[in-house]
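For reference, the structure discussed in these notes is given below.
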Amino acid sequence: MVDKKTGTPKKAQDSAAAPAADETKATQPLTSEDIATNATDTNLPPNKEEAYASGDANVNPELKAEEEAVANVPEDYAAPEADTEPPSEDKPDDSAPSDEGVPPESQIADEIPGAPTAASQDAAEQATEASRILQVSVLRFNPADPESVPHMQTYQVSEAPAMTLYILLNEIRDTQDPSLQFDFVCRAGICGSCAMLVNGKPSLACRTLTKDLPTHFTLAPLPGFELIGDLSVNTGKWMRGMSERIQTWCHLEGEKIDQCKIEKPMDPTLAEDIYLLDRCIECGICVAACGNFRMRPEFVAAVAINKVARFRLDPRDKRTDADYYQVMGTENGVFGCMSLLACHDFCPKDLPLKTQIAFIRRKMAQQGISKKTQRTLHRVVPMRELKLV
């Protein structure tokens with residue numbers, strides 16, 4: 001029979017429409033009813049029925065995956081209803097972030113370990129606002145001025161965070177008294193120029209924090225040195241005289257120095273020991289703190305004993321203990337030390353001064369008992385007093 005509209009036989013048209021229907025059905029998603037129907041289909045061949053019964057996913061992986069998904073759905077699960085209401089302008093957008101349920105910043109800071117809390121911030125602000133007013137009494141005297149007499153002058157300075165005595169003195173000189181004299185060079189505890197007495201104890205101004213001092217304290221120059229003015233003293237003059245007295249340089253016993261010659265290597269441990277003693281900055285604190293030096297100004301003090309120990313370790317120095325005994329084996333040398341050890345306590349570089357004093361004293365005592373007079377030097381600088389001008 002022929003179709004009047006298409007002009008084709010009806011059987012051919014039905015057979016052509018059958019594959020299109022199958023393709024349309026294959027592209028549609030399977031429902032739970034389809035899965036149940038397929039699972040219980042008795043018209044499948046025997047081998048496919050056994051594969052479905054054994055759970056083999058190779059027969060139809062897509063069908064098997066959907067079957068497992070349906071099996072895992074809870075019994076009390078209810079599908080959400082679709083929201084068909086049109087969005088209202090007054091209704092807030094659910095996708096926008098909301099402040100509801102978010103704790104305040106102070107509570108978040110309390111929950112984070114180490115985070116600054118509101119209380120700590122308020123305390124820090126109050127501490128900054130209520131800074132201390134420091135009263136600094138400075139010993140003033142200018143030897144170059146005939147009309148100047150020693151007197152104490154007090155200054156008031158508002159304390160700042162992390163303020164050192166060096167910063168405080170510069171503020172006094174910049175804002176209150178330009179005539180105030182004190183020394184500084186490096187501001188890092190290396191040059192030793194800013195040494196002074198702080199409440200009677202020798203210390204470096206650039207290494208002393210005002211927060212570690214009381215509200216009222218005194219500043220004075222180092223004793224035992226030539227006074228230049230106010231807090232400034234001439235430590236360099238005394239140190240030069242001491243160096244010439246004990247010859248603080250390497251003695252090569254007449255060997256000509258060749259600048260182009262390769263230096264001999266030194267044992268690393270020995271080099272570290274020499275470097276430890278060579279860190280002295282000649283600030284004069286050990287001299288000012290020495291009670292024996294205050295009673296006997298010709299005493300060489302701990303700085304000289306430390307330098308002798310340093311050059312005694314140096315393998316390039318050809319001197320022997322007999323040479324050192326000529327300059328250190330007297331009451332003005334190492335035997336004059338009464339072991340008060342204030343030099344060791346106040347040394348800003350933490351040098352082992354008490355150990356070196358005991359070591360040199362023992363070696364000089366052994367040299368004095370053995371009475372060995374053989375020396376490697378043709379001339380030794382005799383002991384002489386250091387006259388302070």
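Note on naming: chains are A, B, ... as they come in the structure tokens, residues start from 1 per chain, ligands start from 1 in the order shown.
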Which polymer residues have any atom within 9 Å of an atom of A:Gly368, counting only C-alpha atoms, with same-chain residues fewer than 6 positions away left out, as a PyMOL selection string? chain A and resi 322+325+329
For the helix (DSSP H, G or I) assignment from backbone DSSP, which residues of stretch 136-188 of chain A qualify? Please present them as a PyMOL selection string. chain A and resi 165-175
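Atom CA of A:Met338 lies 19.3 Å from atom CA of A:Pro202.
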Counting only C-alpha atoms, the residue among A:Cys337, A:Met295, A:Cys343, A:Cys250 that lies closest to A:Lys318 is A:Cys250
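Atom CA of A:Gln367 is positioned 16.9 Å from atom CA of A:Phe311.
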Identify, on the basis of only C-alpha atoms, every residue whose closest approach to A:Thr235 does not exceed 10 Å; exclude the query and any residue fewer than 2 positions from it along the same chain; express the result as a ChimeraX atom specification. /A:192-193,195,222,224-227,232-233,237-240,282-285,287
Those selected residues, please, written with N, CA and C atoms and delivered as a PDB file, in the first residue's frame.
ATOM      1  N   GLY A 192      83.328  52.327  71.173  1.00  0.00           N
ATOM      2  CA  GLY A 192      83.605  52.521  72.590  1.00  0.00           C
ATOM      3  C   GLY A 192      83.734  53.971  73.001  1.00  0.00           C
ATOM      4  N   SER A 193      83.341  54.910  72.137  1.00  0.00           N
ATOM      5  CA  SER A 193      83.527  56.326  72.451  1.00  0.00           C
ATOM      6  C   SER A 193      82.525  56.852  73.462  1.00  0.00           C
ATOM      7  N   ALA A 195      81.332  55.696  76.239  1.00  0.00           N
ATOM      8  CA  ALA A 195      81.351  55.123  77.593  1.00  0.00           C
ATOM      9  C   ALA A 195      81.242  56.234  78.638  1.00  0.00           C
ATOM     10  N   LEU A 222      83.824  59.018  82.662  1.00  0.00           N
ATOM     11  CA  LEU A 222      84.626  57.920  83.201  1.00  0.00           C
ATOM     12  C   LEU A 222      85.772  58.477  84.039  1.00  0.00           C
ATOM     13  N   GLY A 224      89.542  58.474  85.888  1.00  0.00           N
ATOM     14  CA  GLY A 224      90.864  57.951  85.556  1.00  0.00           C
ATOM     15  C   GLY A 224      91.404  58.411  84.228  1.00  0.00           C
ATOM     16  N   PHE A 225      90.604  59.123  83.429  1.00  0.00           N
ATOM     17  CA  PHE A 225      91.049  59.600  82.124  1.00  0.00           C
ATOM     18  C   PHE A 225      91.024  61.134  82.101  1.00  0.00           C
ATOM     19  N   GLU A 226      91.752  61.678  81.143  1.00  0.00           N
ATOM     20  CA  GLU A 226      91.787  63.129  80.981  1.00  0.00           C
ATOM     21  C   GLU A 226      90.415  63.633  80.552  1.00  0.00           C
ATOM     22  N   LEU A 227      89.897  64.620  81.282  1.00  0.00           N
ATOM     23  CA  LEU A 227      88.566  65.154  81.002  1.00  0.00           C
ATOM     24  C   LEU A 227      88.652  66.231  79.924  1.00  0.00           C
ATOM     25  N   SER A 232      82.730  63.906  78.104  1.00  0.00           N
ATOM     26  CA  SER A 232      83.750  63.526  77.136  1.00  0.00           C
ATOM     27  C   SER A 232      85.112  63.406  77.815  1.00  0.00           C
ATOM     28  N   VAL A 233      85.772  62.245  77.610  1.00  0.00           N
ATOM     29  CA  VAL A 233      87.104  62.001  78.171  1.00  0.00           C
ATOM     30  C   VAL A 233      88.029  61.520  77.052  1.00  0.00           C
ATOM     31  N   LYS A 237      94.367  58.798  74.522  1.00  0.00           N
ATOM     32  CA  LYS A 237      95.703  59.135  75.034  1.00  0.00           C
ATOM     33  C   LYS A 237      96.207  58.076  75.996  1.00  0.00           C
ATOM     34  N   TRP A 238      95.345  57.615  76.889  1.00  0.00           N
ATOM     35  CA  TRP A 238      95.755  56.578  77.841  1.00  0.00           C
ATOM     36  C   TRP A 238      96.013  55.256  77.125  1.00  0.00           C
ATOM     37  N   MET A 239      95.184  54.897  76.174  1.00  0.00           N
ATOM     38  CA  MET A 239      95.352  53.635  75.458  1.00  0.00           C
ATOM     39  C   MET A 239      96.633  53.627  74.632  1.00  0.00           C
ATOM     40  N   ARG A 240      97.014  54.753  74.067  1.00  0.00           N
ATOM     41  CA  ARG A 240      98.259  54.804  73.308  1.00  0.00           C
ATOM     42  C   ARG A 240      99.467  54.617  74.224  1.00  0.00           C
ATOM     43  N   GLU A 282      88.584  48.925  73.420  1.00  0.00           N
ATOM     44  CA  GLU A 282      89.328  49.956  74.146  1.00  0.00           C
ATOM     45  C   GLU A 282      88.410  51.102  74.574  1.00  0.00           C
ATOM     46  N   CYS A 283      87.267  50.746  75.137  1.00  0.00           N
ATOM     47  CA  CYS A 283      86.303  51.744  75.587  1.00  0.00           C
ATOM     48  C   CYS A 283      86.688  52.362  76.917  1.00  0.00           C
ATOM     49  N   GLY A 284      87.546  51.673  77.702  1.00  0.00           N
ATOM     50  CA  GLY A 284      87.973  52.182  78.991  1.00  0.00           C
ATOM     51  C   GLY A 284      87.067  51.822  80.141  1.00  0.00           C
ATOM     52  N   ILE A 285      86.042  51.026  79.906  1.00  0.00           N
ATOM     53  CA  ILE A 285      85.118  50.658  80.985  1.00  0.00           C
ATOM     54  C   ILE A 285      85.825  49.798  82.025  1.00  0.00           C
ATOM     55  N   VAL A 287      88.923  49.853  82.786  1.00  0.00           N
ATOM     56  CA  VAL A 287      89.854  50.711  83.536  1.00  0.00           C
ATOM     57  C   VAL A 287      89.098  51.531  84.570  1.00  0.00           C
TER      58      VAL A 287
END
